[in-house]
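J.: Just entry00.cif, nothing more (mmCIF, C-alpha atoms and all ligand atoms):
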```cif
data_data
#
loop_
_atom_site.label_atom_id
_atom_site.label_comp_id
_atom_site.auth_asym_id
_atom_site.auth_seq_id
_atom_site.Cartn_x
_atom_site.Cartn_y
_atom_site.Cartn_z
CA MET A 949 -14.19 21.32 4.98
CA SER A 950 -15.70 21.64 1.51
CA LEU A 951 -17.05 18.36 0.17
CA PRO A 952 -17.67 19.80 -3.33
CA ARG A 953 -14.00 20.88 -3.57
CA LEU A 954 -12.80 17.52 -2.22
CA LYS A 955 -15.07 15.68 -4.67
CA ASP A 956 -13.83 17.80 -7.61
CA ARG A 957 -10.21 17.04 -6.72
CA LEU A 958 -10.84 13.30 -6.27
CA LEU A 959 -12.58 13.12 -9.66
CA ALA A 960 -9.85 15.25 -11.28
CA LEU A 961 -7.12 12.96 -9.89
CA ALA A 962 -9.08 9.93 -11.14
CA ARG A 963 -8.59 11.17 -14.70
CA PHE A 964 -4.85 10.42 -14.62
CA GLY A 965 -4.65 6.80 -15.79
CA ALA A 966 -8.44 6.52 -16.11
CA LEU A 967 -9.66 3.28 -17.76
CA PRO A 968 -12.46 3.29 -20.36
CA GLY A 969 -14.78 1.13 -18.23
CA GLY A 970 -14.02 3.02 -14.97
CA GLY A 971 -11.23 2.66 -12.44
CA VAL A 972 -7.59 3.66 -12.77
CA THR A 973 -4.16 2.29 -13.55
CA ARG A 974 -1.57 4.79 -12.25
CA MET A 975 1.63 2.99 -11.30
CA CYS A 976 4.32 5.01 -9.57
CA TRP A 977 6.84 6.76 -11.90
CA SER A 978 4.61 6.06 -14.97
CA PRO A 979 3.55 8.95 -17.28
CA PRO A 980 0.02 9.18 -15.77
CA TYR A 981 1.59 9.23 -12.31
CA GLU A 982 4.03 11.99 -13.20
CA GLN A 983 1.18 14.02 -14.71
CA ALA A 984 -0.77 13.49 -11.49
CA ARG A 985 2.27 14.57 -9.45
CA ALA A 986 2.51 17.84 -11.37
CA TRP A 987 -1.23 18.39 -10.96
CA LEU A 988 -1.04 17.68 -7.20
CA LEU A 989 1.80 20.17 -6.76
CA GLY A 990 -0.34 22.77 -8.55
CA GLU A 991 -3.35 22.04 -6.33
CA ALA A 992 -1.23 22.29 -3.18
CA LYS A 993 0.11 25.68 -4.34
CA THR A 994 -3.47 26.82 -5.08
CA ALA A 995 -4.36 25.81 -1.53
CA GLY A 996 -1.61 28.16 -0.33
CA LEU A 997 0.76 25.44 0.86
CA ALA A 998 4.53 25.31 0.56
CA THR A 999 5.46 22.36 -1.66
CA TRP A 1000 8.51 20.15 -1.94
CA VAL A 1001 9.46 16.73 -3.37
CA ASP A 1002 12.09 14.60 -1.63
CA PRO A 1003 14.72 12.30 -3.27
CA ALA A 1004 12.35 9.31 -2.98
CA GLY A 1005 9.72 11.21 -4.97
CA ASN A 1006 7.46 11.82 -1.97
CA VAL A 1007 5.34 14.98 -2.55
CA PHE A 1008 4.64 17.32 0.38
CA GLY A 1009 2.36 20.32 0.96
CA GLY A 1010 3.15 22.27 4.13
CA LEU A 1011 1.18 24.76 6.22
CA GLY A 1012 3.70 26.58 8.38
CA ALA A 1013 6.43 24.23 7.14
CA ASP A 1014 8.50 24.00 3.95
CA ARG A 1015 10.51 20.98 5.10
CA VAL A 1016 10.59 18.35 7.87
CA SER A 1017 12.78 19.58 10.71
CA PRO A 1018 13.19 18.73 14.41
CA ASP A 1019 13.23 22.51 15.04
CA ALA A 1020 9.44 22.52 14.44
CA PRO A 1021 8.10 18.95 14.40
CA VAL A 1022 5.28 18.64 11.88
CA VAL A 1023 1.90 16.96 12.29
CA LEU A 1024 1.76 14.90 9.12
CA THR A 1025 -1.11 13.36 7.21
CA GLY A 1026 -1.18 11.75 3.77
CA SER A 1027 -1.39 8.53 1.82
CA HIS A 1028 -0.54 7.59 -1.79
CA ILE A 1029 -1.64 8.47 -5.34
CA ASP A 1030 -0.22 5.37 -7.04
CA THR A 1031 -2.68 2.56 -7.71
CA VAL A 1032 -2.67 -1.16 -8.44
CA PRO A 1033 -3.38 -2.15 -12.04
CA GLU A 1034 -7.14 -1.71 -12.73
CA GLY A 1035 -7.67 -0.24 -9.27
CA GLY A 1036 -10.20 2.15 -7.78
CA ILE A 1037 -10.22 5.92 -7.45
CA LEU A 1038 -10.12 6.10 -3.62
CA ASP A 1039 -7.35 3.71 -2.43
CA GLY A 1040 -4.68 6.19 -1.35
CA ALA A 1041 -6.15 9.14 -3.23
CA LEU A 1042 -8.71 9.72 -0.48
CA GLY A 1043 -6.06 10.28 2.18
CA VAL A 1044 -4.02 12.67 0.05
CA MET A 1045 -6.98 14.70 -1.22
CA ALA A 1046 -8.70 14.84 2.20
CA GLY A 1047 -5.40 15.87 3.78
CA LEU A 1048 -5.01 18.63 1.20
CA GLU A 1049 -8.62 19.73 1.80
CA CYS A 1050 -8.03 19.87 5.58
CA LEU A 1051 -4.92 22.05 5.25
CA HIS A 1052 -6.69 24.24 2.66
CA THR A 1053 -9.63 24.69 5.08
CA ILE A 1054 -7.34 25.50 8.01
CA ARG A 1055 -5.46 28.10 5.97
CA GLU A 1056 -8.69 29.70 4.69
CA ALA A 1057 -10.07 29.87 8.25
CA ALA A 1058 -6.83 31.63 9.27
CA ILE A 1059 -6.47 29.11 12.10
CA ARG A 1060 -2.87 29.03 13.30
CA PRO A 1061 -2.21 25.70 15.08
CA ALA A 1062 0.74 25.57 17.49
CA ARG A 1063 2.48 23.01 15.26
CA PRO A 1064 3.06 23.08 11.49
CA LEU A 1065 1.04 20.68 9.37
CA ALA A 1066 1.87 18.84 6.15
CA VAL A 1067 0.27 16.38 3.75
CA ALA A 1068 2.31 13.73 1.93
CA ALA A 1069 1.80 11.58 -1.17
CA TRP A 1070 4.14 8.61 -0.60
CA SER A 1071 5.84 7.01 -3.61
CA ASP A 1072 4.93 3.49 -4.72
CA GLU A 1073 2.83 2.49 -1.72
CA GLU A 1074 1.53 -0.48 -3.73
CA GLY A 1075 5.07 -1.74 -3.98
CA ARG A 1076 5.38 -2.29 -7.72
CA TYR A 1077 9.14 -1.84 -7.28
CA GLY A 1078 9.40 -2.33 -3.51
CA SER A 1079 6.77 -2.42 -0.80
CA LEU A 1080 5.78 0.95 0.75
CA PHE A 1081 8.82 2.47 -0.98
CA GLY A 1082 8.42 6.21 -0.37
CA SER A 1083 7.43 6.05 3.30
CA ARG A 1084 10.15 3.43 3.88
CA ALA A 1085 12.73 5.88 2.50
CA PHE A 1086 11.27 8.76 4.57
CA CYS A 1087 11.49 6.62 7.72
CA GLY A 1088 15.10 5.67 7.05
CA ARG A 1089 14.31 2.02 6.36
CA LEU A 1090 15.45 1.81 2.73
CA ASP A 1091 18.55 -0.37 2.22
CA PRO A 1092 20.78 1.45 -0.34
CA ALA A 1093 22.38 -1.87 -1.32
CA ALA A 1094 18.99 -3.22 -2.40
CA ILE A 1095 18.21 -0.39 -4.81
CA PRO A 1096 20.06 -1.74 -7.89
CA SER A 1097 18.16 -5.02 -7.76
CA MET A 1098 14.70 -3.61 -6.95
CA ALA A 1099 12.36 -4.38 -9.82
CA ALA A 1100 8.74 -5.01 -10.70
CA VAL A 1101 7.61 -8.58 -11.25
CA ASP A 1102 7.73 -7.96 -15.01
CA GLY A 1103 11.43 -7.09 -14.71
CA ASP A 1104 11.16 -3.28 -14.99
CA ARG A 1105 13.94 -2.00 -12.71
CA LEU A 1106 13.39 0.74 -10.13
CA VAL A 1107 16.52 2.59 -11.24
CA GLU A 1108 15.17 2.80 -14.80
CA ALA A 1109 11.58 3.65 -13.81
CA MET A 1110 12.72 6.48 -11.52
CA GLY A 1111 15.22 7.59 -14.17
CA ARG A 1112 12.43 7.92 -16.74
CA ALA A 1113 10.61 10.19 -14.24
CA GLY A 1114 13.74 12.29 -13.65
CA PHE A 1115 14.81 10.83 -10.30
CA ASP A 1116 18.08 9.17 -9.27
CA ALA A 1117 17.02 6.03 -7.37
CA HIS A 1118 20.42 5.81 -5.65
CA ARG A 1119 19.64 9.11 -3.88
CA ALA A 1120 16.29 7.86 -2.48
CA PRO A 1121 17.78 7.05 0.96
CA GLU A 1122 18.55 10.78 1.32
CA ALA A 1123 14.80 11.22 1.86
CA ALA A 1124 15.20 9.94 5.42
CA ALA A 1125 13.57 12.51 7.70
CA PRO A 1126 15.66 13.90 10.56
CA PRO A 1127 14.83 12.19 13.88
CA GLY A 1128 12.18 14.14 15.78
CA GLY A 1129 10.93 15.88 12.65
CA VAL A 1130 7.43 14.38 12.81
CA ALA A 1131 5.25 15.10 15.86
CA ALA A 1132 2.46 12.70 14.80
CA TYR A 1133 1.02 11.03 11.70
CA VAL A 1134 -2.61 10.24 10.88
CA GLU A 1135 -3.87 8.77 7.59
CA LEU A 1136 -7.41 8.61 6.27
CA HIS A 1137 -8.06 5.51 4.14
CA ILE A 1138 -10.93 3.37 2.90
CA GLU A 1139 -11.26 0.15 4.90
CA GLN A 1140 -11.02 -1.96 1.73
CA GLY A 1141 -13.12 -4.56 3.55
CA ALA A 1142 -16.74 -4.93 4.68
CA ARG A 1143 -16.54 -4.87 8.48
CA LEU A 1144 -17.57 -1.24 9.03
CA GLU A 1145 -20.36 -1.35 6.46
CA GLU A 1146 -21.78 -4.61 7.85
CA ALA A 1147 -21.65 -3.24 11.41
CA GLY A 1148 -23.17 0.10 10.36
CA ILE A 1149 -20.24 1.96 11.95
CA PRO A 1150 -19.17 5.15 10.13
CA ILE A 1151 -15.56 5.42 11.37
CA GLY A 1152 -12.87 2.81 12.01
CA VAL A 1153 -9.97 3.54 14.37
CA VAL A 1154 -7.04 1.33 13.38
CA GLU A 1155 -5.25 -0.48 16.23
CA THR A 1156 -2.77 -2.61 14.26
CA ILE A 1157 -1.69 -2.89 10.63
CA VAL A 1158 -0.87 -6.31 9.18
CA GLY A 1159 2.55 -7.45 8.15
CA ALA A 1160 2.99 -9.08 4.72
CA ARG A 1161 5.57 -11.48 3.30
CA ARG A 1162 6.03 -11.63 -0.47
CA ALA A 1163 8.27 -14.21 -2.16
CA ARG A 1164 8.86 -15.68 -5.57
CA VAL A 1165 8.43 -19.48 -5.53
CA VAL A 1166 9.95 -20.92 -8.71
CA PHE A 1167 9.45 -24.60 -9.60
CA HIS A 1168 11.89 -26.13 -12.12
CA GLY A 1169 10.96 -29.27 -14.07
CA GLN A 1170 11.68 -30.24 -17.66
CA ALA A 1171 10.25 -28.75 -20.83
CA ASP A 1172 9.04 -31.59 -23.05
CA HIS A 1173 6.80 -32.29 -26.02
CA ALA A 1174 3.19 -32.09 -24.82
CA GLY A 1175 2.10 -34.83 -27.20
CA THR A 1176 4.84 -37.41 -27.33
CA THR A 1177 6.05 -37.41 -23.70
CA PRO A 1178 4.29 -40.16 -21.69
CA MET A 1179 2.37 -38.70 -18.73
CA GLU A 1180 4.37 -40.66 -16.15
CA ARG A 1181 7.68 -39.31 -17.51
CA ARG A 1182 6.77 -35.64 -17.32
CA ARG A 1183 8.36 -33.26 -14.79
CA ASP A 1184 5.68 -30.61 -15.07
CA ALA A 1185 6.68 -27.45 -13.19
CA PHE A 1186 3.20 -25.93 -13.43
CA LEU A 1187 1.60 -28.91 -11.68
CA GLY A 1188 4.13 -28.49 -8.88
CA ALA A 1189 3.19 -24.82 -8.55
CA ALA A 1190 -0.53 -25.60 -8.62
CA ASP A 1191 -0.13 -28.37 -6.02
CA TYR A 1192 1.87 -26.01 -3.81
CA ALA A 1193 -0.65 -23.17 -4.11
CA LEU A 1194 -3.60 -25.33 -3.05
CA LYS A 1195 -1.68 -26.91 -0.15
CA ALA A 1196 -0.21 -23.58 1.01
CA ARG A 1197 -3.70 -22.09 1.11
CA GLU A 1198 -4.90 -24.97 3.31
CA LEU A 1199 -1.82 -24.60 5.52
CA VAL A 1200 -2.41 -20.88 6.13
CA ILE A 1201 -6.10 -21.38 6.87
CA SER A 1202 -5.57 -24.35 9.21
CA ARG A 1203 -2.44 -23.10 11.02
CA GLY A 1204 -2.76 -19.32 10.78
CA GLY A 1205 -6.00 -18.62 12.55
CA ALA A 1206 -8.82 -16.25 11.68
CA ARG A 1207 -6.74 -13.26 10.58
CA ALA A 1208 -4.12 -15.00 8.41
CA VAL A 1209 -4.60 -14.71 4.65
CA THR A 1210 -2.62 -15.75 1.60
CA ASN A 1211 -2.69 -15.03 -2.13
CA PHE A 1212 -1.03 -15.98 -5.42
CA GLY A 1213 -1.56 -12.90 -7.57
CA VAL A 1214 1.17 -13.52 -10.15
CA VAL A 1215 1.74 -16.77 -12.09
CA HIS A 1216 4.25 -17.23 -14.94
CA VAL A 1217 4.70 -20.47 -16.89
CA HIS A 1218 7.76 -20.96 -19.12
CA PRO A 1219 8.24 -21.42 -22.07
CA GLY A 1220 4.47 -20.79 -22.12
CA ALA A 1221 3.26 -22.58 -25.24
CA SER A 1222 0.30 -24.95 -25.34
CA ASN A 1223 2.35 -27.79 -26.83
CA ILE A 1224 5.25 -27.70 -24.34
CA VAL A 1225 5.22 -29.29 -20.89
CA PRO A 1226 6.09 -26.35 -18.57
CA GLY A 1227 9.76 -26.46 -17.66
CA ARG A 1228 9.44 -23.61 -15.19
CA ALA A 1229 6.56 -22.13 -13.17
CA GLU A 1230 6.87 -19.01 -11.03
CA LEU A 1231 4.46 -17.83 -8.35
CA VAL A 1232 4.51 -14.66 -6.27
CA HIS A 1233 3.22 -15.87 -2.93
CA GLU A 1234 1.92 -13.41 -0.31
CA ILE A 1235 1.06 -14.19 3.34
CA ARG A 1236 -0.40 -11.63 5.79
CA ASP A 1237 -1.16 -11.58 9.50
CA PRO A 1238 -1.34 -8.87 12.19
CA ASP A 1239 0.88 -11.01 14.47
CA ALA A 1240 4.59 -11.08 13.61
CA ALA A 1241 5.19 -14.49 15.22
CA VAL A 1242 2.32 -16.12 13.33
CA LEU A 1243 3.53 -14.57 10.08
CA GLU A 1244 7.08 -15.84 10.63
CA ARG A 1245 5.85 -19.38 11.43
CA LEU A 1246 3.57 -19.52 8.37
CA ALA A 1247 6.36 -18.30 6.08
CA ARG A 1248 8.68 -21.01 7.40
CA ASP A 1249 6.03 -23.75 7.11
CA CYS A 1250 5.29 -22.74 3.51
CA GLU A 1251 8.98 -22.88 2.58
CA ALA A 1252 9.12 -26.45 3.92
CA LEU A 1253 5.94 -27.31 2.01
CA ALA A 1254 7.42 -26.02 -1.26
CA ARG A 1255 10.42 -28.30 -0.84
CA GLU A 1256 8.18 -31.30 -0.04
CA VAL A 1257 6.01 -30.72 -3.12
CA ALA A 1258 9.06 -30.32 -5.36
CA ALA A 1259 10.66 -33.51 -4.04
CA ALA A 1260 7.45 -35.49 -4.44
CA ARG A 1261 7.18 -34.42 -8.10
CA GLY A 1262 10.83 -34.77 -9.14
CA LEU A 1263 11.18 -30.98 -9.39
CA THR A 1264 13.47 -28.44 -7.76
CA VAL A 1265 12.24 -25.21 -6.19
CA GLU A 1266 13.78 -21.78 -5.65
CA LEU A 1267 12.49 -19.53 -2.84
CA ARG A 1268 13.34 -15.86 -3.41
CA PRO A 1269 11.98 -13.39 -0.78
CA ILE A 1270 10.76 -10.11 -2.31
CA SER A 1271 9.61 -8.09 0.71
CA ALA A 1272 8.60 -8.41 4.34
CA THR A 1273 6.71 -5.71 6.23
CA THR A 1274 6.25 -6.05 9.97
CA PRO A 1275 2.88 -5.66 11.68
CA ALA A 1276 2.67 -2.22 13.31
CA PRO A 1277 0.65 -1.14 16.34
CA CYS A 1278 -0.90 2.33 16.06
CA ALA A 1279 -0.21 4.83 18.84
CA PRO A 1280 -2.85 4.88 21.62
CA ARG A 1281 -2.52 8.69 21.72
CA VAL A 1282 -3.54 8.97 18.08
CA GLN A 1283 -6.33 6.39 18.43
CA GLU A 1284 -7.73 8.33 21.41
CA THR A 1285 -7.47 11.62 19.51
CA ILE A 1286 -9.41 10.15 16.58
CA GLU A 1287 -12.06 8.87 18.99
CA ALA A 1288 -12.32 12.28 20.67
CA ALA A 1289 -12.80 13.88 17.25
CA CYS A 1290 -15.55 11.34 16.47
CA ALA A 1291 -17.27 12.07 19.79
CA ALA A 1292 -17.11 15.82 19.14
CA LEU A 1293 -18.74 15.18 15.76
CA GLY A 1294 -21.33 12.79 17.22
CA LEU A 1295 -19.99 9.87 15.19
CA ALA A 1296 -19.78 6.27 16.40
CA SER A 1297 -16.41 4.60 15.89
CA ARG A 1298 -14.94 1.14 16.32
CA ARG A 1299 -11.36 -0.05 16.77
CA LEU A 1300 -10.18 -2.70 14.30
CA TYR A 1301 -7.02 -4.05 12.71
CA SER A 1302 -6.11 -3.22 9.14
CA ALA A 1303 -5.97 -6.28 6.86
CA ALA A 1304 -4.30 -4.08 4.24
CA GLY A 1305 -0.79 -2.72 4.47
CA HIS A 1306 -0.27 1.03 4.67
CA ASP A 1307 2.43 3.71 4.82
CA ALA A 1308 1.34 4.36 8.43
CA GLN A 1309 3.13 1.15 9.42
CA ASN A 1310 6.42 2.77 8.46
CA LEU A 1311 5.54 6.10 10.10
CA ALA A 1312 4.75 4.12 13.30
CA GLY A 1313 8.48 3.47 13.49
CA VAL A 1314 9.40 7.17 13.73
CA THR A 1315 6.40 8.86 15.40
CA ASP A 1316 2.98 8.35 16.98
CA ALA A 1317 0.95 7.09 14.00
CA GLY A 1318 -2.68 6.18 13.45
CA MET A 1319 -5.33 5.65 10.78
CA ILE A 1320 -8.96 6.56 10.21
CA PHE A 1321 -11.08 4.18 8.09
CA ILE A 1322 -14.35 4.82 6.30
CA PRO A 1323 -16.58 2.01 4.97
CA SER A 1324 -16.01 0.62 1.47
CA ARG A 1325 -19.14 -0.22 -0.53
CA GLY A 1326 -19.49 -4.01 -0.35
CA GLY A 1327 -15.93 -4.12 1.02
CA ARG A 1328 -14.73 -3.82 -2.57
CA SER A 1329 -11.18 -2.60 -3.30
CA HIS A 1330 -8.27 -3.24 -5.68
CA ARG A 1331 -10.95 -3.42 -8.41
CA VAL A 1332 -12.43 -0.79 -10.69
CA ASP A 1333 -15.75 -0.59 -8.82
CA GLU A 1334 -14.06 0.32 -5.49
CA MET A 1335 -16.13 3.17 -4.01
CA SER A 1336 -17.48 4.75 -0.81
CA ASP A 1337 -20.53 6.94 -0.25
CA TRP A 1338 -19.85 10.67 -0.55
CA ASP A 1339 -21.31 11.30 2.90
CA ALA A 1340 -18.91 8.68 4.30
CA ILE A 1341 -16.08 10.53 2.58
CA GLU A 1342 -17.28 13.80 4.12
CA ARG A 1343 -17.44 12.22 7.60
CA GLY A 1344 -13.94 10.80 7.21
CA ALA A 1345 -12.51 14.13 6.07
CA ASN A 1346 -14.16 15.96 8.97
CA VAL A 1347 -12.78 13.44 11.48
CA LEU A 1348 -9.35 13.89 9.89
CA LEU A 1349 -9.67 17.70 10.16
CA HIS A 1350 -10.60 17.60 13.86
CA THR A 1351 -7.94 15.01 14.58
CA LEU A 1352 -5.24 17.11 12.90
CA LEU A 1353 -6.32 20.23 14.80
CA ARG A 1354 -6.17 18.34 18.09
CA LEU A 1355 -2.76 16.82 17.32
CA ALA A 1356 -1.40 20.21 16.24
CA ALA A 1357 -2.81 22.17 19.19
O1 LIG B 1 -1.76 -4.43 -0.55
C1 LIG B 1 -2.12 -3.71 0.35
O2 LIG B 1 -2.40 -4.17 1.42
C2 LIG B 1 -2.22 -2.21 0.14
O3 LIG B 1 -3.37 -1.93 -0.58
N1 LIG B 1 -1.05 -1.72 -0.53
MN MN B 2 -3.88 -0.64 -2.26
MN MN B 3 -3.77 2.10 -0.01
#
```
Please go through the file and, once you have read it, give me the structure as structure tokens.

T.:
Amino acid sequence: MSLPRLKDRLLALARFGALPGGGVTRMCWSPPYEQARAWLLGEAKTAGLATWVDPAGNVFGGLGADRVSPDAPVVLTGSHIDTVPEGGILDGALGVMAGLECLHTIREAAIRPARPLAVAAWSDEEGRYGSLFGSRAFCGRLDPAAIPSMAAVDGDRLVEAMGRAGFDAHRAPEAAAPPGGVAAYVELHIEQGARLEEAGIPIGVVETIVGARRARVVFHGQADHAGTTPMERRRDAFLGAADYALKARELVISRGGARAVTNFGVVHVHPGASNIVPGRAELVHEIRDPDAAVLERLARDCEALAREVAAARGLTVELRPISATTPAPCAPRVQETIEAACAALGLASRRLYSAAGHDAQNLAGVTDAGMIFIPSRGGRSHRVDEMSDWDAIERGANVLLHTLLRLAA
């Protein structure tokens, strides 16, 4: 495995959507993303791989495979090259570039594993238009009826975004892989948290990946003059949303246990002028937990809380689910293979759950799937200063290489 070549490719990919102060914004289907897609296809061809793109926009590079077929089940690795707004250069990119580097190394060494190998770049992992979109389509979990209404929070529709990139969104379900086409899946990813770094452990072996619920919570009150309306007569939708957010956070912490988390990353106030009492306030509320039952209970409790807050403030509230991913256990076989690769490389490893969602949780539904984590500096991610040490990146890529060779033997 060549760290200089991997580093060059990671830094080259980081240029697509690069921000002046560092970091990247490269949303799926956007111009920087489509330029990165074309560049990735070129790099995969340079590495001597067969390349193909499926109807959901997933990009593949194959070694001994030019498609996914049950006739020769493929050992698959990969991740995503889309980013959050103002994100880092490693979230997703590391897994795709390290996977490409591993297959490039295997081809150069003229090693011929018993099984074909492939690396994937899954579309819209960050879920701008629909959570874990590309891997969901590949795993046959995309509901065709939902496609026309799938849209980003700012209203940009999936059908239009994919259309601008030359894809027909209605054909995305055709990306579903044939049953038995994938022999195993392993993804290298940054931890995006601080547990490995604080424990001084170089490699994380993921046991379970969290589930996440996302919903729009829309409070309706009454727009009014911000100067002439007496305070006691106002039906202020924003105050309802704020009250709900603070109480929902307390609810999740007190009733969810140590691994439950919640976030309000999107807030819209309407009409949105300083001299109008907000008539409408919209939150996107996210709850995560590695236990499906806990997640379900918290989601239900928060819905009841929203209605209580609205009633107490003379408001109404709309609850509109956006997405729900289920927690996914990783395959013991893949976890053990990763640990054997670490032992062969003299690297300590530790099992842990992933507090971030990943494409591997879809692949876990169709094959034995697992993940390898490397430490994130300060646990920082989904921010422009997200980074890992280059020797940590090298260790992760080497563990991925040895894991792939073992799975493909
Ligand atoms: O949000 C997540 O957990 C992942 O980074 N998409
Ligand atoms: Mn992410
Ligand atoms: Mn990611």

J.: Step by step, measure atom-to-atom distances between ligand MN 3 (chain B) and each residue using all atoms listed in the file, keep those at most 8 Å, then write them as a compact mmCIF listing (two decimals) with C-alpha atoms, in the coordinates of the input.

T.:
```txt
# COMPACT_ATOMS: atom_id res chain seq x y z
CA SER A 1027 -1.39 8.53 1.82
CA HIS A 1028 -0.54 7.59 -1.79
CA THR A 1031 -2.68 2.56 -7.71
CA ASP A 1039 -7.35 3.71 -2.43
CA GLY A 1040 -4.68 6.19 -1.35
CA GLU A 1073 2.83 2.49 -1.72
CA GLU A 1074 1.53 -0.48 -3.73
CA HIS A 1137 -8.06 5.51 4.14
CA ILE A 1138 -10.93 3.37 2.90
CA ALA A 1304 -4.30 -4.08 4.24
CA GLY A 1305 -0.79 -2.72 4.47
CA HIS A 1306 -0.27 1.03 4.67
```

J.: Can you tell me, as a PyMOL selection string, what residues are no more than 6 Å from A:Leu1065 when counting all atoms listed in the file, ignoring any on the same chain fewer than 4 positions away?

T.: chain A and resi 1010-1011+1022-1024

J.: In terms of the shortest atom-to-atom distance over only C-alpha atoms, which of A:Leu1090, A:Met1319, A:Val1225, A:Ala1109 is closest to A:Pro1121?

T.: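 Ranking A:Leu1090, A:Met1319, A:Val1225, A:Ala1109 by distance to A:Pro1121, first place goes to A:Leu1090.
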
J.: May I have the centre and edge lengths, in Å to one decimal, of an axis-aligned box around the listed atoms of stretch 976-985 of chain A with 8 Å added to every side, as JSON?

T.:
```
{"center_x": 3.0, "center_y": 9.8, "center_z": -13.4, "size_x": 23.6, "size_y": 25.6, "size_z": 23.8}
```

J.: When you count all atoms listed in the file, which of these residues is closest to A:Ala1241: A:Val1158, A:Ala1312, A:Val1166, A:Leu997?

T.: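 Ranking A:Val1158, A:Ala1312, A:Val1166, A:Leu997 by distance to A:Ala1241, first place goes to A:Val1158.
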
J.: As an exercise, work out the distance from atom CA of A:Arg1112 to atom CA of A:Val1001 in Å and give it to one decimal place.

T.: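 These atoms are spaced 16.3 Å apart.
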
J.: Considering all atoms listed in the file, return as an MDAnalysis selection string whatever protein or nucleic-acid residues lie within 10 Å of A:Gly971, sequence-local ones (same chain, fewer than 6 positions apart) excluded.

T.: chainID A and resid 962:963 965 1031 1033:1038 1330:1335

J.: Using all atoms listed in the file, find the one residue out of A:Gly1111, A:Pro1061, A:Gly1141, A:Pro980 that sits nearest to ligand MN 2 (chain B).

T.: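 When distances to ligand MN 2 (chain B) are compared using all atoms listed in the file, the smallest one comes from A:Gly1141.
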
J.: Pick out the closest residue to A:His1233 from this set: A:Gly1026, A:Gly1043, A:Cys1250, A:Phe1212. Count all atoms listed in the file.

T.: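 Once distances to A:His1233 are computed over all atoms listed in the file, the minimum belongs to A:Phe1212.
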
J.: Please determine, counting only C-alpha atoms, which residue among A:Val1257, A:Ile1095, A:Ile1201, A:Val1016 has the shortest atom-to-atom distance to A:Ala1185.

T.: A:Val1257

J.: Hey, which of A:Arg1343, A:Arg1328, A:Arg957, A:Arg1089 ends up closest to ligand MN 2 (chain B)? Count all atoms listed in the file.

T.: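 Counting all atoms listed in the file, the residue closest to ligand MN 2 (chain B) is A:Arg1328.
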
J.: For a cutoff of 8 Å around the file-coordinate point (6.3, -31.4, -18.0), which residues qualify once you count all atoms listed in the file? I'd like the result as a list in words.

T.: Gly1169, Gln1170, Ala1171, Asp1172, Ala1174, Arg1182, Arg1183, Asp1184, Ala1185, Phe1186, Ile1224, Val1225, Pro1226 and Gly1227 of chain A

J.: Please measure the separation of atom CA of A:Thr1285 and atom CA of A:Leu1352, giving the value in Å to one decimal.

T.: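 Between atom CA of A:Thr1285 and atom CA of A:Leu1352 the gap works out to 8.9 Å.
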
J.: Residues at most 12 Å from A:Glu1287, counting all atoms listed in the file, excluding those fewer than 4 positions away in the same chain, as a ChimeraX atom specification?

T.: /A:1150-1155,1280-1283,1291-1299,1318-1321,1347-1348,1350-1351,1354

J.: Using C-alpha atoms, can you export the residues from the last selection as a PDB file, in the coordinates of the input?

T.:
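Output file out.pdb is given in full below:
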```pdb
ATOM      1  CA  PRO A1150     -19.170   5.150  10.130  1.00  0.00           C
ATOM      2  CA  ILE A1151     -15.560   5.420  11.370  1.00  0.00           C
ATOM      3  CA  GLY A1152     -12.870   2.810  12.010  1.00  0.00           C
ATOM      4  CA  VAL A1153      -9.970   3.540  14.370  1.00  0.00           C
ATOM      5  CA  VAL A1154      -7.040   1.330  13.380  1.00  0.00           C
ATOM      6  CA  GLU A1155      -5.250  -0.480  16.230  1.00  0.00           C
ATOM      7  CA  PRO A1280      -2.850   4.880  21.620  1.00  0.00           C
ATOM      8  CA  ARG A1281      -2.520   8.690  21.720  1.00  0.00           C
ATOM      9  CA  VAL A1282      -3.540   8.970  18.080  1.00  0.00           C
ATOM     10  CA  GLN A1283      -6.330   6.390  18.430  1.00  0.00           C
ATOM     11  CA  ALA A1291     -17.270  12.070  19.790  1.00  0.00           C
ATOM     12  CA  ALA A1292     -17.110  15.820  19.140  1.00  0.00           C
ATOM     13  CA  LEU A1293     -18.740  15.180  15.760  1.00  0.00           C
ATOM     14  CA  GLY A1294     -21.330  12.790  17.220  1.00  0.00           C
ATOM     15  CA  LEU A1295     -19.990   9.870  15.190  1.00  0.00           C
ATOM     16  CA  ALA A1296     -19.780   6.270  16.400  1.00  0.00           C
ATOM     17  CA  SER A1297     -16.410   4.600  15.890  1.00  0.00           C
ATOM     18  CA  ARG A1298     -14.940   1.140  16.320  1.00  0.00           C
ATOM     19  CA  ARG A1299     -11.360  -0.050  16.770  1.00  0.00           C
ATOM     20  CA  GLY A1318      -2.680   6.180  13.450  1.00  0.00           C
ATOM     21  CA  MET A1319      -5.330   5.650  10.780  1.00  0.00           C
ATOM     22  CA  ILE A1320      -8.960   6.560  10.210  1.00  0.00           C
ATOM     23  CA  PHE A1321     -11.080   4.180   8.090  1.00  0.00           C
ATOM     24  CA  VAL A1347     -12.780  13.440  11.480  1.00  0.00           C
ATOM     25  CA  LEU A1348      -9.350  13.890   9.890  1.00  0.00           C
ATOM     26  CA  HIS A1350     -10.600  17.600  13.860  1.00  0.00           C
ATOM     27  CA  THR A1351      -7.940  15.010  14.580  1.00  0.00           C
ATOM     28  CA  ARG A1354      -6.170  18.340  18.090  1.00  0.00           C
TER      29      ARG A1354
END
```
